[in-house]
Amino acid sequence: MQLTEINFDGIVGPTHNYAGLSLGNLAATSNAGQTSQPRAAALQGIAKMRANIALGLRQGVFLPHRRPDGAWLETLGTRAEDADAALLANALSASPMWAANAATVSPAPDTADARCHLTVANLVTMPHRSHEWQGTLAQLRLAFHSETHFVVHGPIPAPFGDEGAANHMRLAAGHRSPGIEIFVYGEKGGPFPARQHVEASRAVARRHQLDPGRVLFVAQSEEAIAAGAFHNDVVAVADGRVLFAHEQAFADKDRFYADLRRVMPDVEIVEVPANRVSLADAIRSYLFNAQLVTLPTGESALILPTEARETPAVWTWLNEMVAGNGPIRRIELVDVRESMSNGGGPACLRLRVVADPATIDPRFLVDDAKLDAIAAVIAQHWPDTIAPSDLASPELWKQAAEARAALLETLGLGELI
Ligand code: SUG
């Protein structure tokens, strides 16, 4: 078994648009009504994957879902042609692109049956995301079909909100070592919803057969959610033995850090103080929505959105960090502006799975040549722009269906998902 970390990125779907559906996600709500650029958005995502491959990282993909989601509209007694504008926007969202919300993943070294467990996220808090799990589950069941190596679980039942890996962190000395899994939940968010419920986190940990001595449940701070950290991965990220977090990310950080040091004495906590980078700047720049990765050389790198360079306090802090003696000495910038405008940074776009690539359906794994083929389909079929008034256009729905079909055909997935 060659356990390695594979990042599965959600390919940005052809209906990517700015409908402002996510209360508490300040980028999404402030860009409501703008004209989106689906083709550019999807190509930005491809460029990010290429950059990760160039760094020596393994890369996979998840595919866009059927949009508008006619099956969901049917359960609501309507169809795209008759739905009101709000329902239609919810049915058209390209939100499955944010693969960090696809599932929670517990790699084989952490589980009692030594299989990698995945629980598809129910995403019940937001209507436009609540109908993602069916399409995601179908892909997870295909990609991770080997029952010798994987267990794919259905969603946690409502009303317990589960947002997947965006509210879950894992620390482990190496890919084969058992990890410490940290489930971060929300209690209160001031004016905004707390999307991850502790009941869901506890249920996922039980289903995944985790060792209770190696699991922590940690509350998000109310002020972070109220400042726009609708998921924990907007204010904290972990990899290897490194936790990189904002000072105000957690409700009781002293207790959390003490518990963490008890279960992982050699953990390295890189905390960004609020008097250097405010919560507002952290959220504006998505400093923490970075991919913290271990390169083949063993070195840690932080893959950040270009917005980090445009936020002076953040850029100054980052430059000091890489020049210092800490564990993160390398930063890489990626342009995912179209996704960022909906509150999705580099880390939102990917789901990390630690597994042997040979045990995964190869149609979901990519290299440069396959990315070339995907990019060609995007260039040919993805809409150039979508303005709010386009959402009601049957022409757009037709183009989206054809674009998705062309992509699935190219990847050999045909009508399978
Ligand atoms: O759920 N945006 C997504 C962004 C998800 C980011 N993911 C992580 N932090 N892991 C969300 O809020 C905006 C769609 C719209 O408003 O049209 C949206 O769903």
# chains A, B, ... in the order shown; residues from 1 in each chain; ligands from 1

call {"tool": "closest_atom_pairs", "arguments": {"of": "chain A", "to": "ligand 1", "cutoff": "9 Å", "atoms": "only C-alpha atoms and all ligand atoms", "output": "tab-separated table"}}
result
residue	atom	partner	partner_atom_place_in_ligand_line	distance
A:His16	CA	ligand 1	17 (O)	7.9
A:Asn17	CA	ligand 1	17 (O)	6.0
A:Tyr18	CA	ligand 1	17 (O)	4.7
A:Ala19	CA	ligand 1	17 (O)	4.0
A:Gly20	CA	ligand 1	16 (O)	3.5
A:Leu21	CA	ligand 1	16 (O)	3.5
A:Ser22	CA	ligand 1	16 (O)	4.6
A:Leu23	CA	ligand 1	12 (O)	7.4
A:Gly24	CA	ligand 1	12 (O)	7.6
A:Asn25	CA	ligand 1	12 (O)	5.3
A:Leu26	CA	ligand 1	12 (O)	8.7
A:Ala27	CA	ligand 1	13 (C)	8.2
A:Ala28	CA	ligand 1	16 (O)	4.7
A:Thr29	CA	ligand 1	16 (O)	6.3
A:Asn31	CA	ligand 1	16 (O)	8.3
A:Ala32	CA	ligand 1	16 (O)	6.9
A:Ala89	CA	ligand 1	17 (O)	7.6
A:Asn90	CA	ligand 1	17 (O)	7.9
A:Leu92	CA	ligand 1	17 (O)	8.9
A:Ser93	CA	ligand 1	17 (O)	6.0
A:Ala94	CA	ligand 1	14 (C)	7.5
A:Ser95	CA	ligand 1	19 (O)	5.2
A:Pro96	CA	ligand 1	19 (O)	8.5
A:Met97	CA	ligand 1	5 (C)	8.5
A:Trp98	CA	ligand 1	7 (N)	5.3
A:Ala99	CA	ligand 1	10 (N)	7.3
A:Ala100	CA	ligand 1	10 (N)	4.8
A:Asn101	CA	ligand 1	10 (N)	5.6
A:Leu123	CA	ligand 1	1 (O)	8.3
A:Met126	CA	ligand 1	1 (O)	7.5
A:His128	CA	ligand 1	19 (O)	7.1
A:Arg129	CA	ligand 1	19 (O)	6.8
A:Glu163	CA	ligand 1	10 (N)	8.1
A:Gly164	CA	ligand 1	10 (N)	8.3
A:Ala165	CA	ligand 1	10 (N)	7.3
A:Ala166	CA	ligand 1	10 (N)	4.4
A:Asn167	CA	ligand 1	10 (N)	7.8
A:Ala229	CA	ligand 1	9 (N)	8.0
A:Phe230	CA	ligand 1	9 (N)	7.0
A:His231	CA	ligand 1	9 (N)	5.1
A:Asn232	CA	ligand 1	9 (N)	7.3
A:Asp233	CA	ligand 1	9 (N)	5.6
A:Val234	CA	ligand 1	9 (N)	5.8
A:Asn289	CA	ligand 1	9 (N)	7.2
A:Ser339	CA	ligand 1	4 (C)	8.1
A:Met340	CA	ligand 1	4 (C)	8.3
A:Ser341	CA	ligand 1	13 (C)	8.4
A:Asn342	CA	ligand 1	13 (C)	4.7
A:Gly343	CA	ligand 1	4 (C)	4.7
A:Gly344	CA	ligand 1	6 (C)	4.2
A:Gly345	CA	ligand 1	6 (C)	6.9
A:Pro346	CA	ligand 1	10 (N)	8.9
A:Ala347	CA	ligand 1	10 (N)	6.4
A:Cys348	CA	ligand 1	10 (N)	3.7
A:Leu349	CA	ligand 1	7 (N)	7.0
A:Arg350	CA	ligand 1	10 (N)	8.2

call {"tool": "write_last_selection", "arguments": {"atoms": "C-alpha atoms", "output": "mmCIF file, in the first residue's frame"}}
result
data_model
loop_
_atom_site.group_PDB
_atom_site.id
_atom_site.type_symbol
_atom_site.label_atom_id
_atom_site.label_comp_id
_atom_site.auth_asym_id
_atom_site.auth_seq_id
_atom_site.Cartn_x
_atom_site.Cartn_y
_atom_site.Cartn_z
ATOM 1 C CA HIS A 16 -21.139 29.181 -12.045
ATOM 2 C CA ASN A 17 -22.919 32.438 -11.162
ATOM 3 C CA TYR A 18 -23.302 35.110 -8.503
ATOM 4 C CA ALA A 19 -26.776 34.662 -7.021
ATOM 5 C CA GLY A 20 -25.749 35.625 -3.476
ATOM 6 C CA LEU A 21 -27.264 32.546 -1.897
ATOM 7 C CA SER A 22 -24.972 32.030 1.096
ATOM 8 C CA LEU A 23 -25.905 34.115 4.127
ATOM 9 C CA GLY A 24 -22.795 34.601 6.277
ATOM 10 C CA ASN A 25 -20.457 34.244 3.278
ATOM 11 C CA LEU A 26 -19.529 37.893 2.780
ATOM 12 C CA ALA A 27 -17.872 37.499 -0.627
ATOM 13 C CA ALA A 28 -20.911 35.690 -2.028
ATOM 14 C CA THR A 29 -23.477 38.121 -0.641
ATOM 15 C CA ASN A 31 -21.049 40.002 -5.200
ATOM 16 C CA ALA A 32 -24.725 39.087 -5.643
ATOM 17 C CA ALA A 89 -31.187 29.970 -8.595
ATOM 18 C CA ASN A 90 -30.956 27.307 -5.877
ATOM 19 C CA LEU A 92 -28.715 26.085 -10.776
ATOM 20 C CA SER A 93 -25.868 26.681 -8.328
ATOM 21 C CA ALA A 94 -22.462 25.337 -9.325
ATOM 22 C CA SER A 95 -21.611 24.994 -5.618
ATOM 23 C CA PRO A 96 -20.395 21.358 -5.885
ATOM 24 C CA MET A 97 -17.141 22.937 -7.122
ATOM 25 C CA TRP A 98 -16.208 23.472 -3.445
ATOM 26 C CA ALA A 99 -15.060 19.920 -2.849
ATOM 27 C CA ALA A 100 -13.958 20.643 0.731
ATOM 28 C CA ASN A 101 -17.682 20.403 1.446
ATOM 29 C CA LEU A 123 -25.061 20.596 3.644
ATOM 30 C CA MET A 126 -28.144 26.256 2.709
ATOM 31 C CA HIS A 128 -28.716 25.581 -2.779
ATOM 32 C CA ARG A 129 -26.233 23.145 -1.226
ATOM 33 C CA GLU A 163 -20.379 20.657 5.993
ATOM 34 C CA GLY A 164 -17.712 17.985 5.508
ATOM 35 C CA ALA A 165 -13.958 18.518 5.472
ATOM 36 C CA ALA A 166 -14.268 22.317 5.684
ATOM 37 C CA ASN A 167 -14.924 21.789 9.400
ATOM 38 C CA ALA A 229 -15.864 32.610 8.762
ATOM 39 C CA PHE A 230 -18.824 30.484 7.723
ATOM 40 C CA HIS A 231 -16.537 27.423 7.718
ATOM 41 C CA ASN A 232 -13.561 26.706 9.979
ATOM 42 C CA ASP A 233 -11.294 26.445 6.920
ATOM 43 C CA VAL A 234 -11.629 30.200 6.465
ATOM 44 C CA ASN A 289 -8.131 29.105 3.075
ATOM 45 C CA SER A 339 -14.373 31.165 -7.089
ATOM 46 C CA MET A 340 -13.082 33.644 -4.497
ATOM 47 C CA SER A 341 -15.876 36.041 -5.451
ATOM 48 C CA ASN A 342 -18.273 33.393 -4.153
ATOM 49 C CA GLY A 343 -16.227 32.814 -0.989
ATOM 50 C CA GLY A 344 -14.298 29.779 -2.237
ATOM 51 C CA GLY A 345 -10.490 29.838 -1.974
ATOM 52 C CA PRO A 346 -7.851 27.256 -2.929
ATOM 53 C CA ALA A 347 -8.694 25.030 0.063
ATOM 54 C CA CYS A 348 -12.457 25.139 -0.573
ATOM 55 C CA LEU A 349 -11.914 23.785 -4.057
ATOM 56 C CA ARG A 350 -10.293 20.546 -2.897
#

call {"tool": "residues_around", "arguments": {"residues": "stretch 364-377 of chain A", "least_positions_apart": "5", "cutoff": "6 Å", "atoms": "only C-alpha atoms", "output": "list of chain:residue names"}}
result
A:Gln59, A:Gly60, A:Val61

call {"tool": "select_by_dssp", "arguments": {"residues": "stretch 119-259 of chain A", "states": "strand (DSSP E or B)", "output": "PyMOL selection string"}}
result
chain A and resi 119-120+150-153+168-171+180-185+210+215-220+236-239+242-246+250

call {"tool": "write_last_selection", "arguments": {"atoms": "N, CA, C and O atoms", "output": "short mmCIF file (atom, residue, chain, number, x, y, z; two decimals), in the first residue's frame"}}
result
data_model
loop_
_atom_site.label_atom_id
_atom_site.label_comp_id
_atom_site.auth_asym_id
_atom_site.auth_seq_id
_atom_site.Cartn_x
_atom_site.Cartn_y
_atom_site.Cartn_z
N THR A 119 -17.76 10.22 4.73
CA THR A 119 -19.19 10.51 4.91
C THR A 119 -19.54 11.72 4.06
O THR A 119 -18.96 12.80 4.24
N VAL A 120 -20.46 11.52 3.12
CA VAL A 120 -20.88 12.64 2.27
C VAL A 120 -21.56 13.70 3.15
O VAL A 120 -22.30 13.36 4.08
N PHE A 150 -12.15 1.16 1.14
CA PHE A 150 -12.96 2.34 1.47
C PHE A 150 -14.33 1.96 2.02
O PHE A 150 -14.89 0.92 1.65
N VAL A 151 -14.88 2.83 2.84
CA VAL A 151 -16.28 2.75 3.25
C VAL A 151 -16.88 4.13 2.95
O VAL A 151 -16.41 5.13 3.49
N VAL A 152 -17.87 4.16 2.08
CA VAL A 152 -18.52 5.43 1.73
C VAL A 152 -19.88 5.46 2.43
O VAL A 152 -20.73 4.61 2.18
N HIS A 153 -20.06 6.44 3.31
CA HIS A 153 -21.30 6.53 4.08
C HIS A 153 -22.24 7.57 3.48
O HIS A 153 -21.79 8.60 2.96
N HIS A 168 -13.20 20.12 9.43
CA HIS A 168 -12.48 18.95 9.95
C HIS A 168 -11.00 19.14 9.62
O HIS A 168 -10.66 19.57 8.53
N MET A 169 -10.13 18.87 10.59
CA MET A 169 -8.69 18.99 10.33
C MET A 169 -8.04 17.69 10.80
O MET A 169 -8.53 17.03 11.72
N ARG A 170 -6.94 17.36 10.14
CA ARG A 170 -6.22 16.14 10.54
C ARG A 170 -4.74 16.44 10.63
O ARG A 170 -4.17 17.05 9.74
N LEU A 171 -4.16 16.00 11.72
CA LEU A 171 -2.71 16.12 11.91
C LEU A 171 -2.15 14.71 12.00
O LEU A 171 -2.75 13.83 12.64
N ILE A 180 -4.52 12.62 14.29
CA ILE A 180 -5.41 13.25 15.27
C ILE A 180 -6.47 13.95 14.44
O ILE A 180 -6.13 14.76 13.57
N GLU A 181 -7.72 13.61 14.66
CA GLU A 181 -8.78 14.25 13.87
C GLU A 181 -9.50 15.29 14.73
O GLU A 181 -9.92 15.02 15.85
N ILE A 182 -9.64 16.48 14.16
CA ILE A 182 -10.22 17.60 14.90
C ILE A 182 -11.51 18.02 14.18
O ILE A 182 -11.47 18.42 13.01
N PHE A 183 -12.62 17.89 14.88
CA PHE A 183 -13.92 18.27 14.32
C PHE A 183 -14.29 19.63 14.90
O PHE A 183 -14.41 19.78 16.12
N VAL A 184 -14.45 20.61 14.03
CA VAL A 184 -14.73 21.97 14.49
C VAL A 184 -16.19 22.31 14.18
O VAL A 184 -16.61 22.25 13.02
N TYR A 185 -16.94 22.65 15.21
CA TYR A 185 -18.37 22.89 15.02
C TYR A 185 -18.72 24.31 15.45
O TYR A 185 -17.95 24.97 16.16
N LEU A 210 -13.38 5.97 14.79
CA LEU A 210 -12.15 6.63 15.22
C LEU A 210 -11.88 6.30 16.68
O LEU A 210 -12.81 6.06 17.46
N VAL A 215 -9.38 11.96 18.99
CA VAL A 215 -10.35 12.86 18.34
C VAL A 215 -10.62 14.04 19.27
O VAL A 215 -10.77 13.86 20.48
N LEU A 216 -10.67 15.23 18.70
CA LEU A 216 -11.03 16.42 19.48
C LEU A 216 -12.24 17.09 18.82
O LEU A 216 -12.32 17.16 17.59
N PHE A 217 -13.15 17.57 19.66
CA PHE A 217 -14.29 18.35 19.18
C PHE A 217 -14.08 19.77 19.70
O PHE A 217 -13.95 19.98 20.91
N VAL A 218 -14.04 20.72 18.79
CA VAL A 218 -13.65 22.08 19.15
C VAL A 218 -14.68 23.07 18.59
O VAL A 218 -15.06 22.97 17.41
N ALA A 219 -15.09 24.02 19.42
CA ALA A 219 -16.09 25.00 18.95
C ALA A 219 -15.41 26.16 18.23
O ALA A 219 -14.38 26.66 18.67
N GLN A 220 -16.02 26.59 17.11
CA GLN A 220 -15.58 27.81 16.43
C GLN A 220 -15.94 28.99 17.32
O GLN A 220 -16.92 28.94 18.07
N ALA A 236 -8.55 28.54 9.71
CA ALA A 236 -7.56 27.57 10.19
C ALA A 236 -7.35 26.47 9.15
O ALA A 236 -8.27 26.14 8.40
N VAL A 237 -6.13 25.93 9.13
CA VAL A 237 -5.84 24.80 8.24
C VAL A 237 -4.74 23.97 8.90
O VAL A 237 -3.91 24.50 9.64
N ALA A 238 -4.76 22.65 8.65
CA ALA A 238 -3.74 21.79 9.28
C ALA A 238 -3.19 20.80 8.26
O ALA A 238 -3.88 20.44 7.30
N ASP A 239 -1.97 20.40 8.48
CA ASP A 239 -1.34 19.38 7.64
C ASP A 239 -0.11 18.86 8.38
O ASP A 239 0.60 19.65 9.03
N VAL A 242 1.55 20.44 11.52
CA VAL A 242 1.39 21.89 11.60
C VAL A 242 -0.09 22.30 11.63
O VAL A 242 -0.88 21.90 10.77
N LEU A 243 -0.43 23.11 12.62
CA LEU A 243 -1.73 23.78 12.64
C LEU A 243 -1.46 25.27 12.40
O LEU A 243 -0.65 25.88 13.10
N PHE A 244 -2.13 25.84 11.40
CA PHE A 244 -1.96 27.25 11.06
C PHE A 244 -3.34 27.90 11.28
O PHE A 244 -4.31 27.52 10.62
N ALA A 245 -3.42 28.81 12.24
CA ALA A 245 -4.75 29.30 12.63
C ALA A 245 -4.70 30.77 13.05
O ALA A 245 -3.67 31.27 13.51
N HIS A 246 -5.84 31.43 12.92
CA HIS A 246 -5.97 32.78 13.44
C HIS A 246 -6.23 32.71 14.94
O HIS A 246 -6.90 31.77 15.43
N PHE A 250 -11.04 29.95 17.39
CA PHE A 250 -11.72 28.98 18.25
C PHE A 250 -12.30 29.64 19.49
O PHE A 250 -11.76 30.64 19.99
#

call {"tool": "closest_residue", "arguments": {"among": "A:Arg352, A:Lys48, A:Arg176, A:Arg67", "to": "A:Leu391", "atoms": "only C-alpha atoms"}}
result
A:Arg67

call {"tool": "closest_residue", "arguments": {"among": "A:Leu63, A:Ile283, A:Ala274, A:Leu407", "to": "A:Leu142", "atoms": "only C-alpha atoms"}}
result
A:Leu63

call {"tool": "closest_residue", "arguments": {"among": "A:Arg276, A:Arg330, A:Lys253, A:Arg50", "to": "A:Glu299", "atoms": "only C-alpha atoms"}}
result
A:Arg330

call {"tool": "closest_residue", "arguments": {"among": "A:Pro312, A:Pro265, A:Gly298, A:Pro109", "to": "A:Val277", "atoms": "only C-alpha atoms"}}
result
A:Pro312

call {"tool": "closest_residue", "arguments": {"among": "A:Leu57, A:Ala91, A:Leu287, A:Leu413", "to": "A:Leu73", "atoms": "only C-alpha atoms"}}
result
A:Ala91

call {"tool": "residues_around", "arguments": {"residues": "A:Arg195", "least_positions_apart": "5", "cutoff": "7 Å", "atoms": "only C-alpha atoms", "output": "list in words"}}
result
Thr125, Gly161, Asp162, Glu163 and Gly186 of chain A

call {"tool": "select_by_dssp", "arguments": {"residues": "stretch 236-317 of chain A", "states": "alpha helix (DSSP H)", "output": "short mmCIF file (atom, residue, chain, number, x, y, z; two decimals) with N, CA and C atoms, in the first residue's frame"}}
result
data_model
loop_
_atom_site.label_atom_id
_atom_site.label_comp_id
_atom_site.auth_asym_id
_atom_site.auth_seq_id
_atom_site.Cartn_x
_atom_site.Cartn_y
_atom_site.Cartn_z
N LYS A 253 -9.39 28.68 22.74
CA LYS A 253 -8.16 28.19 22.09
C LYS A 253 -7.17 27.63 23.10
N ASP A 254 -7.12 28.19 24.32
CA ASP A 254 -6.14 27.69 25.29
C ASP A 254 -6.40 26.22 25.60
N ARG A 255 -7.68 25.93 25.80
CA ARG A 255 -8.03 24.54 26.10
C ARG A 255 -7.75 23.65 24.88
N PHE A 256 -8.11 24.14 23.70
CA PHE A 256 -7.88 23.35 22.48
C PHE A 256 -6.38 23.08 22.30
N TYR A 257 -5.56 24.11 22.40
CA TYR A 257 -4.12 23.92 22.19
C TYR A 257 -3.55 22.96 23.24
N ALA A 258 -4.03 23.07 24.49
CA ALA A 258 -3.53 22.18 25.55
C ALA A 258 -3.92 20.73 25.25
N ASP A 259 -5.17 20.53 24.82
CA ASP A 259 -5.63 19.17 24.48
C ASP A 259 -4.81 18.62 23.31
N LEU A 260 -4.56 19.50 22.34
CA LEU A 260 -3.82 19.07 21.15
C LEU A 260 -2.39 18.67 21.52
N ARG A 261 -1.78 19.46 22.37
CA ARG A 261 -0.38 19.15 22.76
C ARG A 261 -0.33 17.86 23.57
N ARG A 262 -1.41 17.59 24.30
CA ARG A 262 -1.45 16.35 25.09
C ARG A 262 -1.49 15.13 24.16
N VAL A 263 -2.33 15.21 23.09
CA VAL A 263 -2.45 14.04 22.21
C VAL A 263 -1.37 14.02 21.12
N LEU A 279 -9.37 39.74 11.89
CA LEU A 279 -10.27 38.72 11.31
C LEU A 279 -10.76 39.19 9.95
N ALA A 280 -11.07 40.50 9.86
CA ALA A 280 -11.58 41.04 8.58
C ALA A 280 -10.56 40.85 7.47
N ASP A 281 -9.28 41.15 7.75
CA ASP A 281 -8.24 40.97 6.72
C ASP A 281 -8.01 39.49 6.40
N ALA A 282 -8.10 38.65 7.43
CA ALA A 282 -7.92 37.21 7.20
C ALA A 282 -9.02 36.71 6.26
N ILE A 283 -10.23 37.20 6.47
CA ILE A 283 -11.35 36.72 5.67
C ILE A 283 -11.33 37.34 4.27
N ARG A 284 -10.95 38.61 4.18
CA ARG A 284 -10.86 39.29 2.88
C ARG A 284 -9.80 38.61 2.00
N SER A 285 -8.67 38.25 2.61
CA SER A 285 -7.55 37.72 1.82
C SER A 285 -7.58 36.20 1.69
N PRO A 312 -2.23 44.25 2.53
CA PRO A 312 -0.90 44.57 3.04
C PRO A 312 -0.53 43.89 4.36
N ALA A 313 -1.42 43.89 5.34
CA ALA A 313 -1.07 43.29 6.64
C ALA A 313 -0.76 41.81 6.48
N VAL A 314 -1.50 41.16 5.61
CA VAL A 314 -1.35 39.72 5.40
C VAL A 314 -0.03 39.44 4.69
N TRP A 315 0.27 40.24 3.66
CA TRP A 315 1.48 40.01 2.88
C TRP A 315 2.72 40.25 3.73
N THR A 316 2.68 41.30 4.56
CA THR A 316 3.82 41.57 5.44
C THR A 316 4.01 40.39 6.39
N TRP A 317 2.92 39.93 6.98
CA TRP A 317 3.01 38.83 7.93
C TRP A 317 3.57 37.57 7.27
#

call {"tool": "atom_distance", "arguments": {"atom1": "atom CA of A:Ser201", "atom2": "atom CA of A:Arg115"}}
result
19.1 Å

call {"tool": "closest_residue", "arguments": {"among": "A:Glu332, A:Asp361, A:Glu395, A:Glu247", "to": "A:Ala51", "atoms": "only C-alpha atoms"}}
result
A:Glu332

call {"tool": "atom_distance", "arguments": {"atom1": "atom CA of A:Val12", "atom2": "atom CA of A:Arg79"}}
result
23.6 Å
